[in-house]
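Next comes start.cif, with mmCIF, C-alpha atoms.
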data_final
loop_
_atom_site.label_atom_id
_atom_site.label_comp_id
_atom_site.auth_asym_id
_atom_site.auth_seq_id
_atom_site.Cartn_x
_atom_site.Cartn_y
_atom_site.Cartn_z
CA MET A 12 6.49 -13.04 20.71
CA ARG A 13 4.81 -16.22 19.60
CA MET A 14 4.58 -17.44 16.04
CA ALA A 15 3.14 -20.46 14.26
CA ARG A 16 3.91 -20.57 10.55
CA PRO A 17 2.48 -19.80 8.15
CA ASP A 18 -0.19 -17.47 9.52
CA LYS A 19 -0.22 -16.93 13.30
CA LEU A 20 1.64 -14.21 15.18
CA ARG A 21 1.49 -12.54 18.58
CA ILE A 22 3.89 -9.76 19.56
CA ARG A 23 4.12 -7.47 22.56
CA ARG A 24 6.45 -4.51 22.19
CA THR A 25 7.44 -2.42 25.16
CA GLY A 26 10.12 0.18 25.48
CA GLY A 27 10.37 3.91 25.86
CA TYR A 28 6.72 4.90 25.83
CA ALA A 29 5.51 2.04 23.64
CA ASP A 30 3.34 -0.70 25.06
CA VAL A 31 1.61 -2.34 22.11
CA ASP A 32 0.15 -5.79 21.42
CA LEU A 33 -0.25 -7.21 17.91
CA ALA A 34 -2.36 -10.31 17.34
CA TYR A 35 -2.73 -12.06 13.99
CA ASP A 36 -4.81 -15.19 13.52
CA GLY A 37 -4.37 -15.59 9.76
CA LYS A 38 -7.53 -13.62 9.00
CA THR A 39 -7.55 -10.49 11.15
CA VAL A 40 -4.76 -8.30 12.50
CA SER A 41 -5.40 -6.44 15.74
CA LEU A 42 -3.18 -3.77 17.28
CA TYR A 43 -3.84 -2.74 20.88
CA GLY A 44 -2.20 0.27 22.51
CA ASN A 45 -2.08 -0.51 26.22
CA ASN A 46 -1.44 3.14 27.13
CA ALA A 47 -4.22 4.41 24.85
CA LYS A 48 -6.68 1.68 25.90
CA ALA A 49 -7.65 1.51 22.23
CA TYR A 50 -7.31 -0.96 19.37
CA VAL A 51 -7.57 -1.15 15.62
CA GLN A 52 -8.48 -4.18 13.56
CA ALA A 53 -8.30 -4.97 9.88
CA ASP A 54 -9.03 -7.95 7.69
CA ALA A 55 -5.73 -9.40 6.51
CA PRO A 56 -6.14 -12.97 5.28
CA GLY A 57 -2.90 -14.68 4.34
CA THR A 58 0.52 -15.49 5.73
CA ILE A 59 2.81 -13.66 8.13
CA ASP A 60 4.96 -12.60 5.14
CA GLN A 61 1.89 -11.15 3.41
CA LEU A 62 0.86 -9.36 6.61
CA VAL A 63 4.30 -7.74 6.91
CA ASP A 64 4.19 -6.65 3.25
CA THR A 65 0.71 -5.17 3.73
CA ILE A 66 1.60 -3.27 6.91
CA GLN A 67 4.75 -1.83 5.36
CA ALA A 68 2.98 -0.86 2.12
CA LYS A 69 -0.06 0.76 3.76
CA THR A 70 1.57 2.47 6.74
CA ASN A 71 5.21 2.94 5.73
CA ALA A 72 5.91 1.87 9.33
CA ALA A 73 9.39 0.93 10.44
CA LEU A 74 9.27 -2.60 11.78
CA PRO A 75 12.79 -3.15 13.13
CA GLY A 76 13.70 -6.81 13.37
CA ILE A 77 10.66 -8.06 11.48
CA ASP A 78 12.96 -9.53 8.83
CA LEU A 79 13.95 -12.25 11.31
CA LEU A 80 10.36 -13.53 11.21
CA LEU A 81 9.99 -13.83 7.46
CA SER A 82 10.09 -17.22 5.79
CA ASN A 83 12.89 -15.96 3.53
CA SER A 84 14.79 -14.04 6.22
CA PHE A 85 18.28 -14.86 4.86
CA ASP A 86 17.39 -13.47 1.41
CA VAL A 87 15.84 -10.33 2.90
CA LEU A 88 18.70 -9.73 5.34
CA THR A 89 21.40 -10.10 2.70
CA SER A 90 19.62 -8.41 -0.23
CA ASP A 91 21.56 -5.15 0.02
CA VAL A 92 24.70 -6.29 1.85
CA ILE A 93 27.82 -4.60 0.53
CA GLU A 94 30.24 -6.37 2.86
CA GLY A 95 30.14 -8.74 5.80
CA TYR A 96 32.53 -9.79 8.54
CA HIS A 97 32.89 -12.58 11.05
CA ILE A 98 33.88 -10.54 14.11
CA GLY A 99 34.57 -13.58 16.27
CA GLN A 100 33.01 -15.21 19.27
CA GLY A 101 31.07 -13.37 21.93
CA VAL A 102 28.70 -14.11 24.77
CA VAL A 103 25.09 -12.96 24.89
CA ASP A 104 23.15 -13.60 28.10
CA GLY A 105 25.62 -16.34 29.05
CA VAL A 106 25.38 -18.10 25.66
CA GLU A 107 28.47 -18.45 23.43
CA CYS A 108 27.76 -16.97 20.02
CA GLU A 109 29.33 -16.19 16.66
CA HIS A 110 29.27 -12.42 16.05
CA LEU A 111 28.68 -11.32 12.45
CA ALA A 112 28.52 -7.75 11.11
CA PHE A 113 27.18 -6.51 7.77
CA ARG A 114 27.17 -3.19 5.91
CA GLY A 115 24.35 -2.24 3.58
CA ARG A 116 23.39 0.88 1.68
CA ASP A 117 20.80 2.14 4.17
CA THR A 118 21.50 0.03 7.26
CA ASP A 119 24.31 -1.75 9.01
CA TRP A 120 23.46 -4.72 11.17
CA GLN A 121 25.04 -7.19 13.50
CA ILE A 122 23.81 -10.57 14.61
CA TRP A 123 25.00 -12.97 17.27
CA ILE A 124 24.18 -16.61 16.48
CA GLN A 125 24.36 -19.29 19.16
CA ALA A 126 27.37 -21.55 18.56
CA GLY A 127 26.91 -25.31 18.39
CA ALA A 128 24.12 -27.61 17.26
CA GLN A 129 21.34 -24.99 17.66
CA PRO A 130 22.24 -21.90 15.58
CA ILE A 131 19.65 -19.61 17.13
CA PRO A 132 19.89 -15.82 16.78
CA ARG A 133 20.48 -14.34 20.24
CA LYS A 134 21.02 -10.65 19.52
CA TYR A 135 20.34 -8.44 16.53
CA VAL A 136 21.41 -4.79 16.24
CA ILE A 137 20.23 -2.60 13.36
CA THR A 138 21.79 0.81 12.69
CA SER A 139 19.94 3.15 10.34
CA LYS A 140 22.30 5.23 8.20
CA THR A 141 19.54 7.30 6.56
CA VAL A 142 18.21 8.92 9.75
CA ALA A 143 20.04 11.73 11.55
CA GLY A 144 21.93 10.42 14.56
CA ALA A 145 22.02 6.86 13.14
CA PRO A 146 19.53 5.34 15.61
CA GLN A 147 19.98 1.73 16.63
CA TYR A 148 17.46 -0.94 17.49
CA THR A 149 18.56 -3.89 19.58
CA LEU A 150 16.61 -7.12 19.88
CA ARG A 151 17.61 -9.82 22.34
CA ILE A 152 16.22 -13.31 21.97
CA LYS A 153 16.29 -15.08 25.30
CA ASP A 154 14.03 -18.10 24.89
CA TRP A 155 13.68 -19.54 21.38
CA LYS A 156 11.40 -22.57 21.29
CA THR A 157 10.50 -24.50 18.19
CA GLU A 158 7.77 -26.81 19.43
CA ALA A 159 4.22 -26.33 18.21
CA ILE A 160 1.90 -24.04 20.16
CA ALA A 161 -1.12 -26.09 21.16
CA ASP A 162 -3.18 -23.16 22.46
CA ALA A 163 -5.17 -21.87 19.46
CA ASP A 164 -6.42 -18.93 21.55
CA ALA A 165 -2.83 -17.64 21.86
CA PHE A 166 -3.33 -15.77 18.57
CA ALA A 167 -6.92 -14.60 19.04
CA PHE A 168 -7.43 -10.98 20.09
CA LYS A 169 -9.91 -10.33 22.85
CA PRO A 170 -10.24 -6.62 23.61
CA PRO A 171 -9.72 -5.83 27.28
CA GLU A 172 -12.73 -4.49 29.15
CA GLY A 173 -13.06 -0.76 28.55
CA ALA A 174 -10.96 -0.75 25.37
CA THR A 175 -12.19 1.42 22.51
CA LYS A 176 -12.09 0.36 18.86
CA VAL A 177 -10.69 3.16 16.67
CA GLY A 178 -9.88 3.61 12.99
CA LEU A 179 -6.39 3.73 11.52
CA ASP A 180 -6.80 7.46 10.95
CA SER A 181 -7.69 8.17 14.58
CA ASP A 182 -5.63 10.67 16.60
CA VAL A 183 -5.53 8.01 19.33
CA MET A 184 -3.11 6.03 17.11
CA ILE A 185 -0.44 8.65 17.92
CA GLU A 186 -0.41 7.27 21.47
CA PHE A 187 0.69 3.89 20.07
CA ASP A 188 3.98 5.52 18.98
CA GLU A 189 7.36 5.01 20.64
CA VAL A 190 7.64 8.70 21.59
CA PRO A 191 4.35 10.56 22.04
CA ALA A 192 3.91 14.02 20.54
CA GLY A 193 5.41 16.83 22.56
CA THR A 194 7.61 14.55 24.70
CA THR A 195 10.89 15.46 23.02
CA SER A 196 11.99 18.01 20.47
CA GLY A 197 11.30 16.75 17.00
CA ALA A 198 8.53 14.40 18.12
CA LYS A 199 5.45 14.05 15.95
CA LYS A 200 2.72 16.57 16.48
#

Mind turning the file's structure into structure tokens?
Amino acid sequence: MRMARPDKLRIRRTGGYADVDLAYDGKTVSLYGNNAKAYVQADAPGTIDQLVDTIQAKTNAALPGIDLLLSNSFDVLTSDVIEGYHIGQGVVDGVECEHLAFRGRDTDWQIWIQAGAQPIPRKYVITSKTVAGAPQYTLRIKDWKTEAIADADAFAFKPPEGATKVGLDSDVMIEFDEVPAGTTSGAKK
């Protein structure tokens, strides 16, 4: 992931069957499914926060961990906290961290924050209590840099050769999903 506030974002998500790139240059959002060799684009002028709000409102998509990227992440993270605990110290990828755990109405979450002068989040675990089986998402942050990104092209989307542009309502969008239809019982059809 790369981000330049207030309006530039680049994310690559891989895992399970997902292999998706999101590029946002402050004007246009592009989503490319590497497995589908297809992409969608939409006008979305504004900030990263506005982009997140728009995506969630229009698609009802789960965006686990996106709250760490918002400009008001503390307010969003703690908005429905019922109780919180300082679990103690732990180590994430060789880095000493403070381990905190929180309970909310719909989700429980834990975060490991690097101890010392640079309080950087190193691990974030979200447990959904409203979905059967209480699935968890785990994000690990290995290299957090705060210097400016000089490469303006880092946020521009250039479709790979042979990629097809599709609409949001296209059946090809199903291939962007974490678990493609028919792969497991209960998967989308």

Padding 8 Å on each side, edges along x, y and z: where is the centre of the box around the listed atoms of range 96-113 of chain A, and how long are its edges in Å to one decimal? Output it as AutoDock Vina command-line options.
--center_x 28.9 --center_y -12.5 --center_z 18.4 --size_x 27.4 --size_y 27.9 --size_z 37.3

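When CA of Ala53 in chain A is paired with CA of Gly173 in chain A, their separation reads 19.7 Å.
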
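For the residues A:Leu80, A:Leu88, A:Leu74, A:Leu62, ranking by smallest atom-to-atom distance to Arg24 in chain A using only C-alpha atoms places A:Leu74 first.
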
Exercise for the section: Just give me the gap between CA of Leu33 in chain A and CA of Leu20 in chain A in Å, one decimal is fine. Expected result: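 Going from CA of Leu33 in chain A over to CA of Leu20 in chain A, I get 7.7 Å.
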
Problem - Residue nearest Tyr43 in chain A - candidates A:Pro170, A:Gly115, A:Gly178, A:Gly57, atoms counted: only C-alpha atoms - result: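 Of A:Pro170, A:Gly115, A:Gly178, A:Gly57, the one nearest Tyr43 in chain A, counting only C-alpha atoms, is A:Pro170.
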